[in-house]
file upload_2.cif (mmCIF, C-alpha atoms and all ligand atoms)
data_protein
loop_
_atom_site.label_atom_id
_atom_site.label_comp_id
_atom_site.auth_asym_id
_atom_site.auth_seq_id
_atom_site.Cartn_x
_atom_site.Cartn_y
_atom_site.Cartn_z
CA MET A 1 21.54 -5.55 -12.97
CA GLN A 2 19.23 -4.78 -10.07
CA THR A 3 15.60 -5.60 -10.77
CA PRO A 4 12.75 -4.21 -8.65
CA LEU A 5 10.85 -6.05 -5.97
CA ILE A 6 7.21 -6.65 -6.92
CA ILE A 7 5.00 -5.59 -4.02
CA GLY A 8 1.23 -6.19 -4.05
CA HIS A 9 -0.61 -2.96 -3.23
CA ARG A 10 -3.16 -3.84 -0.51
CA GLY A 11 -2.34 -7.42 -1.61
CA ALA A 12 -3.34 -8.49 -5.12
CA SER A 13 -6.07 -5.87 -5.00
CA ALA A 14 -6.81 -5.96 -8.74
CA VAL A 15 -8.24 -9.46 -8.33
CA ALA A 16 -9.15 -9.86 -4.65
CA PRO A 17 -10.67 -7.67 -1.89
CA GLU A 18 -7.96 -5.25 -0.73
CA ASN A 19 -6.23 -5.55 2.63
CA THR A 20 -7.60 -9.03 3.38
CA LEU A 21 -5.76 -12.30 3.93
CA ALA A 22 -7.34 -13.47 0.65
CA ALA A 23 -5.63 -10.61 -1.22
CA PHE A 24 -2.31 -11.27 0.54
CA GLY A 25 -2.47 -15.00 -0.22
CA GLN A 26 -3.29 -14.22 -3.86
CA ALA A 27 -0.30 -11.88 -4.07
CA LEU A 28 1.98 -14.73 -2.96
CA THR A 29 0.38 -17.08 -5.51
CA ASP A 30 0.92 -14.40 -8.15
CA GLY A 31 4.65 -14.21 -7.44
CA ALA A 32 4.87 -11.01 -5.38
CA ASP A 33 8.01 -10.48 -3.29
CA GLY A 34 5.81 -8.93 -0.63
CA VAL A 35 2.76 -6.79 0.00
CA GLU A 36 1.84 -3.26 1.01
CA PHE A 37 -1.06 -2.68 3.38
CA ASP A 38 -2.60 0.07 5.52
CA VAL A 39 -2.85 0.14 9.30
CA ARG A 40 -4.89 2.42 11.53
CA LEU A 41 -5.93 2.24 15.16
CA SER A 42 -9.24 0.77 16.28
CA GLN A 43 -11.16 2.34 19.18
CA ASP A 44 -9.29 0.05 21.61
CA GLU A 45 -5.96 1.08 20.02
CA VAL A 46 -5.23 -2.13 18.13
CA PRO A 47 -3.57 -1.70 14.71
CA VAL A 48 -6.05 -3.02 12.14
CA VAL A 49 -5.55 -3.39 8.41
CA ILE A 50 -7.88 -1.17 6.40
CA HIS A 51 -7.34 1.75 4.02
CA ASP A 52 -10.32 4.05 4.54
CA ARG A 53 -11.19 5.99 7.69
CA ASP A 54 -14.72 4.60 7.54
CA LEU A 55 -16.43 1.39 6.49
CA ARG A 56 -18.72 2.71 3.78
CA ARG A 57 -16.77 1.52 0.73
CA THR A 58 -15.39 -1.86 1.82
CA GLY A 59 -17.65 -2.71 4.77
CA LEU A 60 -20.94 -1.49 3.26
CA THR A 61 -21.82 0.03 6.60
CA ASN A 62 -21.83 3.53 8.00
CA ALA A 63 -19.26 3.55 10.80
CA LYS A 64 -15.81 4.92 11.49
CA VAL A 65 -12.90 2.54 12.11
CA SER A 66 -11.88 4.58 15.15
CA ASP A 67 -15.34 4.12 16.72
CA LEU A 68 -15.21 0.31 16.75
CA SER A 69 -13.10 -2.17 18.70
CA ALA A 70 -10.78 -4.58 16.90
CA ARG A 71 -13.21 -7.37 17.81
CA GLU A 72 -16.15 -5.51 16.27
CA LEU A 73 -14.12 -4.66 13.17
CA GLY A 74 -13.07 -8.29 12.86
CA ALA A 75 -16.72 -9.27 12.43
CA ILE A 76 -17.34 -6.98 9.42
CA ASP A 77 -17.45 -8.46 5.92
CA VAL A 78 -15.00 -6.58 3.68
CA GLY A 79 -15.20 -8.99 0.75
CA LYS A 80 -18.80 -8.67 -0.37
CA TRP A 81 -18.30 -5.17 -1.83
CA PHE A 82 -15.61 -6.55 -4.16
CA ASN A 83 -17.92 -9.26 -5.54
CA LEU A 84 -20.67 -6.68 -6.09
CA ARG A 85 -18.38 -4.15 -7.76
CA TYR A 86 -16.32 -6.59 -9.87
CA PRO A 87 -18.68 -9.45 -10.83
CA SER A 88 -16.21 -10.87 -13.37
CA MET A 89 -13.63 -11.41 -10.62
CA SER A 90 -15.98 -12.33 -7.82
CA ARG A 91 -15.41 -15.54 -5.86
CA GLU A 92 -17.65 -17.15 -3.33
CA GLU A 93 -14.86 -17.30 -0.73
CA TYR A 94 -14.36 -13.52 -0.84
CA GLU A 95 -17.71 -13.02 0.86
CA GLY A 96 -17.01 -13.21 4.57
CA ALA A 97 -13.43 -11.87 4.29
CA THR A 98 -12.77 -9.77 7.38
CA ILE A 99 -10.52 -6.91 8.54
CA PRO A 100 -7.33 -8.47 9.90
CA THR A 101 -5.33 -7.02 12.75
CA LEU A 102 -1.65 -6.29 12.10
CA GLU A 103 -0.81 -9.25 14.34
CA GLU A 104 -2.92 -11.57 12.20
CA VAL A 105 -1.18 -10.40 9.04
CA LEU A 106 2.25 -10.92 10.59
CA ARG A 107 1.19 -14.40 11.71
CA PHE A 108 -0.08 -15.09 8.17
CA PHE A 109 3.38 -14.29 6.76
CA ASP A 110 5.26 -15.95 9.60
CA LYS A 111 6.40 -19.04 7.68
CA THR A 112 6.97 -17.42 4.30
CA LYS A 113 8.64 -14.23 5.44
CA ARG A 114 8.10 -11.55 2.77
CA VAL A 115 8.79 -7.85 2.42
CA LEU A 116 5.94 -5.99 4.10
CA TYR A 117 5.33 -2.30 3.42
CA VAL A 118 3.28 -1.30 6.46
CA GLU A 119 1.61 2.06 5.80
CA MET A 120 0.57 3.91 8.94
CA LYS A 121 -2.62 5.90 8.34
CA THR A 122 -2.62 8.48 11.08
CA ASP A 123 -2.84 12.12 12.03
CA LYS A 124 -0.55 13.96 14.46
CA THR A 125 -2.69 13.02 17.49
CA ASN A 126 -2.37 9.25 17.03
CA ALA A 127 1.10 9.11 15.48
CA HIS A 128 2.91 8.15 18.68
CA LYS A 129 0.45 5.43 19.71
CA LEU A 130 0.24 3.89 16.24
CA ALA A 131 4.04 3.94 15.79
CA THR A 132 4.48 2.34 19.21
CA GLU A 133 2.01 -0.46 18.45
CA VAL A 134 3.43 -1.10 14.97
CA VAL A 135 6.98 -1.33 16.35
CA ARG A 136 5.84 -3.68 19.15
CA CYS A 137 4.11 -6.04 16.69
CA ILE A 138 7.02 -6.07 14.24
CA ARG A 139 9.52 -6.84 16.99
CA GLU A 140 7.34 -9.47 18.67
CA HIS A 141 6.76 -11.31 15.41
CA ASP A 142 10.36 -11.01 14.29
CA PHE A 143 9.70 -8.98 11.15
CA THR A 144 12.40 -6.40 11.86
CA HIS A 145 14.35 -7.36 8.75
CA TYR A 146 11.33 -7.71 6.47
CA ALA A 147 9.18 -4.69 7.26
CA VAL A 148 9.38 -1.20 5.77
CA VAL A 149 7.14 1.12 7.80
CA GLU A 150 5.91 4.03 5.73
CA SER A 151 3.59 7.01 6.05
CA PHE A 152 2.59 10.36 4.57
CA ALA A 153 2.65 11.53 8.21
CA LEU A 154 6.39 12.03 8.48
CA GLU A 155 6.18 12.60 12.25
CA ALA A 156 5.00 8.97 12.52
CA VAL A 157 7.98 7.82 10.42
CA ALA A 158 10.32 9.79 12.69
CA GLU A 159 8.67 8.19 15.72
CA VAL A 160 9.25 4.66 14.38
CA LYS A 161 12.89 5.56 13.74
CA ARG A 162 13.24 6.93 17.27
CA LEU A 163 11.64 3.87 18.87
CA ALA A 164 13.32 1.29 16.63
CA PRO A 165 16.30 2.49 14.62
CA GLU A 166 16.74 -1.06 13.30
CA ILE A 167 13.41 -1.02 11.41
CA MET A 168 13.43 0.31 7.86
CA THR A 169 11.14 3.22 7.10
CA ALA A 170 9.90 5.06 4.04
CA ALA A 171 8.65 8.63 3.60
CA LEU A 172 5.60 8.74 1.31
CA PHE A 173 4.98 11.55 -1.14
CA GLU A 174 2.00 12.17 -3.38
CA ARG A 175 0.86 14.82 -5.82
CA LYS A 176 -2.03 16.94 -4.56
CA LEU A 177 -4.34 18.85 -6.86
CA SER A 178 -4.51 21.70 -4.37
CA ARG A 179 -0.79 22.52 -4.44
CA PRO A 180 2.18 22.28 -6.78
CA ALA A 181 4.16 19.02 -6.85
CA PRO A 182 6.93 19.03 -4.22
CA SER A 183 10.41 19.46 -5.68
CA ALA A 184 12.88 16.57 -5.55
CA ASP A 185 15.07 18.53 -3.13
CA THR A 186 12.18 19.24 -0.76
CA MET A 187 11.13 15.58 -0.69
CA LEU A 188 14.67 14.38 -0.11
CA GLU A 189 15.27 16.89 2.70
CA GLU A 190 12.02 15.89 4.40
CA ALA A 191 12.74 12.17 4.02
CA ILE A 192 16.22 12.56 5.47
CA ALA A 193 14.98 14.78 8.30
CA CYS A 194 12.55 12.09 9.50
CA GLY A 195 15.25 9.42 9.32
CA ALA A 196 13.67 7.43 6.47
CA SER A 197 15.73 4.77 4.73
CA GLU A 198 13.58 5.02 1.63
CA ILE A 199 11.45 7.43 -0.33
CA ALA A 200 8.13 6.07 -1.65
CA LEU A 201 6.89 8.17 -4.54
CA HIS A 202 3.62 8.42 -6.40
CA HIS A 203 4.58 7.44 -9.95
CA THR A 204 4.04 10.98 -11.27
CA LEU A 205 6.80 12.18 -8.91
CA ALA A 206 9.31 9.46 -9.84
CA ARG A 207 11.29 11.47 -12.38
CA LYS A 208 14.77 10.29 -13.40
CA ARG A 209 16.57 13.19 -11.74
CA CYS A 210 14.68 12.70 -8.48
CA VAL A 211 15.44 8.97 -8.34
CA GLU A 212 19.12 9.64 -9.12
CA LYS A 213 19.36 12.29 -6.42
CA ALA A 214 17.70 10.00 -3.86
CA LEU A 215 20.15 7.20 -4.59
CA GLN A 216 23.08 9.62 -4.36
CA ARG A 217 21.87 10.61 -0.89
CA GLY A 218 21.62 7.01 0.24
CA LEU A 219 17.83 6.66 0.03
CA ARG A 220 16.27 3.65 -1.65
CA VAL A 221 13.28 4.36 -3.91
CA ALA A 222 9.86 2.70 -4.13
CA VAL A 223 7.19 3.77 -6.63
CA TRP A 224 3.41 3.32 -6.31
CA THR A 225 0.91 2.37 -7.73
CA VAL A 226 2.12 1.04 -11.05
CA ASP A 227 0.35 -1.63 -13.08
CA GLU A 228 2.01 -1.00 -16.45
CA SER A 229 4.76 -3.30 -17.76
CA ARG A 230 6.90 -0.39 -18.97
CA TRP A 231 7.78 0.33 -15.33
CA ILE A 232 9.88 -2.83 -15.15
CA LYS A 233 12.43 -1.54 -17.67
CA ARG A 234 12.39 1.93 -16.14
CA ALA A 235 12.86 0.60 -12.61
CA ALA A 236 15.79 -1.60 -13.68
CA ALA A 237 17.41 1.30 -15.55
CA LEU A 238 17.02 3.76 -12.68
CA GLY A 239 17.74 1.41 -9.77
CA ILE A 240 14.25 1.61 -8.23
CA ASN A 241 14.07 -0.84 -5.34
CA ALA A 242 10.36 -1.71 -5.34
CA LEU A 243 7.29 -1.34 -7.54
CA ILE A 244 4.04 -1.34 -5.60
CA THR A 245 1.32 -2.70 -7.88
CA ASN A 246 -2.33 -3.74 -7.73
CA ASP A 247 -1.56 -6.55 -10.17
CA PRO A 248 1.48 -8.56 -9.05
CA ALA A 249 0.74 -11.40 -11.53
CA LYS A 250 1.07 -9.05 -14.49
CA MET A 251 4.17 -7.30 -13.16
CA ARG A 252 5.86 -10.60 -12.24
CA ALA A 253 5.23 -11.91 -15.78
CA SER A 254 6.63 -8.68 -17.23
CA LEU A 255 9.70 -8.89 -15.00
CA ASP A 256 10.29 -12.52 -16.02
CA ASP A 257 10.00 -11.52 -19.72
CA PHE A 258 12.41 -8.67 -19.19
CA CYS A 259 14.98 -10.90 -17.48
CA ALA A 260 14.70 -13.55 -20.21
CA ARG A 261 15.63 -11.08 -22.97
O1 LIG B 1 2.16 2.59 -0.42
C1 LIG B 1 1.74 3.80 -0.90
C2 LIG B 1 0.29 3.90 -1.28
O2 LIG B 1 -0.42 2.81 -0.80
C3 LIG B 1 -0.30 5.17 -0.78
O3 LIG B 1 -1.57 5.41 -1.24
O4 LIG B 1 -3.96 5.71 -0.79
O5 LIG B 1 -3.16 3.57 -1.67
O6 LIG B 1 -2.68 4.20 0.67
P1 LIG B 1 -2.90 4.70 -0.72
CA CA B 2 -1.41 2.33 1.26
#
call {"tool": "encode", "arguments": {"input": "upload_2.cif", "output": "structure tokens"}}
result
Amino acid sequence: MQTPLIIGHRGASAVAPENTLAAFGQALTDGADGVEFDVRLSQDEVPVVIHDRDLRRTGLTNAKVSDLSARELGAIDVGKWFNLRYPSMSREEYEGATIPTLEEVLRFFDKTKRVLYVEMKTDKTNAHKLATEVVRCIREHDFTHYAVVESFALEAVAEVKRLAPEIMTAALFERKLSRPAPSADTMLEEAIACGASEIALHHTLARKRCVEKALQRGLRVAVWTVDESRWIKRAAALGINALITNDPAKMRASLDDFCAR
């Protein structure tokens, strides 16, 4: 029986400040097979690891990521907000956590190579540059066989595939309030058209029929963001490749329980 990979969403973001080396280290301690994280370009076109377009939520400052250099971003504290918002999980060492560059994250995982879901946050204008930089870093740091590069911007996924056919990619799909959920066939056609090896679905889109159809068409399936134990059984039954979770400790324990039955 195939059991799913446990992937820490922005690291172990339920218990540590997201997208920091602290959260990635915690995910490893918690038994994750790998981590997911977000990359966007700094003003000087360095891929840096941060989810939001601006620094208000995690940097407690009013600036845009794209207006600051990687060096300036690397000096911003993105751990303090977590301690303030989640006092019961706060730790002294989180304060002072900074925004890593993609290179720093790859160096961090250099010795314990893990599966890395690298999500490109980009619009059409920056897709080529971000894809180029992500591919360069992955090749230089020898992560070609460990990285899955994903994006909602399917033109960026296609660009990675064009630049580096050997790197695995995933097409991301979400449910938007403003429009009806995309059909399974539409998502599969779009994923195949951009050359993705995998389809990464918001959990509300991961219906049985859709997962089955994806597998039939040779696409692996990842599901995000799932923190409930019931997903372990469902993933094993359906052949889902990876569960992206904020709480890898809980999902690892649930997977171990499931395997022991
Ligand atoms: O990996 C998919 C998931 O991370 C996409 O949503 O907003 O958490 O980046 P978001
Ligand atoms: Ca993400």
call {"tool": "residues_near_ligand", "arguments": {"input": "upload_2.cif", "ligand": "ligand CA 2 (chain B)", "cutoff": "12 Å", "atoms": "only C-alpha atoms and all ligand atoms", "output": "ChimeraX atom specification"}}
result
/A:7-11,13,18-19,35-40,49-52,116-122,149-152,170,172-174,200-202,223-225,244-246
call {"tool": "closest_residue", "arguments": {"input": "upload_2.cif", "among": "A:Val221, A:Ala249, A:Leu130, A:Cys194", "to": "ligand LIG 1 (chain B)", "atoms": "all atoms listed in the file"}}
result
A:Val221
call {"tool": "closest_residue", "arguments": {"input": "upload_2.cif", "among": "A:Val15, A:Met251, A:Leu238, A:Ala222", "to": "ligand LIG 1 (chain B)", "atoms": "only C-alpha atoms and all ligand atoms"}}
result
A:Ala222
call {"tool": "closest_residue", "arguments": {"input": "upload_2.cif", "among": "A:Leu215, A:Ala22, A:Cys137, A:Val226", "to": "ligand LIG 1 (chain B)", "atoms": "all atoms listed in the file"}}
result
A:Val226
call {"tool": "atom_distance", "arguments": {"input": "upload_2.cif", "atom1": "CA of Asp33 (chain A)", "atom2": "CA of Ala191 (chain A)"}}
result
24.3 Å
call {"tool": "atom_distance", "arguments": {"input": "upload_2.cif", "atom1": "CA of Ile167 (chain A)", "atom2": "CA of Arg139 (chain A)"}}
result
9.0 Å
call {"tool": "residues_around", "arguments": {"input": "upload_2.cif", "residues": "Pro47 (chain A)", "least_positions_apart": "4", "cutoff": "9 Å", "atoms": "all atoms listed in the file", "output": "ChimeraX atom specification"}}
result
/A:39-42,70,101-103,130,133-134
call {"tool": "atom_distance", "arguments": {"input": "upload_2.cif", "atom1": "CA of Glu92 (chain A)", "atom2": "CA of Pro17 (chain A)"}}
result
11.9 Å
call {"tool": "closest_residue", "arguments": {"input": "upload_2.cif", "among": "A:Arg220, A:Lys113, A:Arg53, A:Arg207", "to": "ligand LIG 1 (chain B)", "atoms": "all atoms listed in the file"}}
result
A:Arg53
call {"tool": "residues_around", "arguments": {"input": "upload_2.cif", "residues": "Val105 (chain A)", "least_positions_apart": "4", "cutoff": "9 Å", "atoms": "only C-alpha atoms", "output": "list in words"}}
result
Thr20, Leu21, Phe24, Val49, Pro100, Thr101, Phe109 and Asp110 of chain A
call {"tool": "closest_residue", "arguments": {"input": "upload_2.cif", "among": "A:Met168, A:Val157, A:Thr132, A:Glu189", "to": "His145 (chain A)", "atoms": "only C-alpha atoms"}}
result
A:Met168
call {"tool": "residues_around", "arguments": {"input": "upload_2.cif", "residues": "Ala63 (chain A)", "least_positions_apart": "2", "cutoff": "12 Å", "atoms": "only C-alpha atoms", "output": "MDAnalysis selection string"}}
result
chainID A and resid 42:43 52:61 65:69 72:73 76
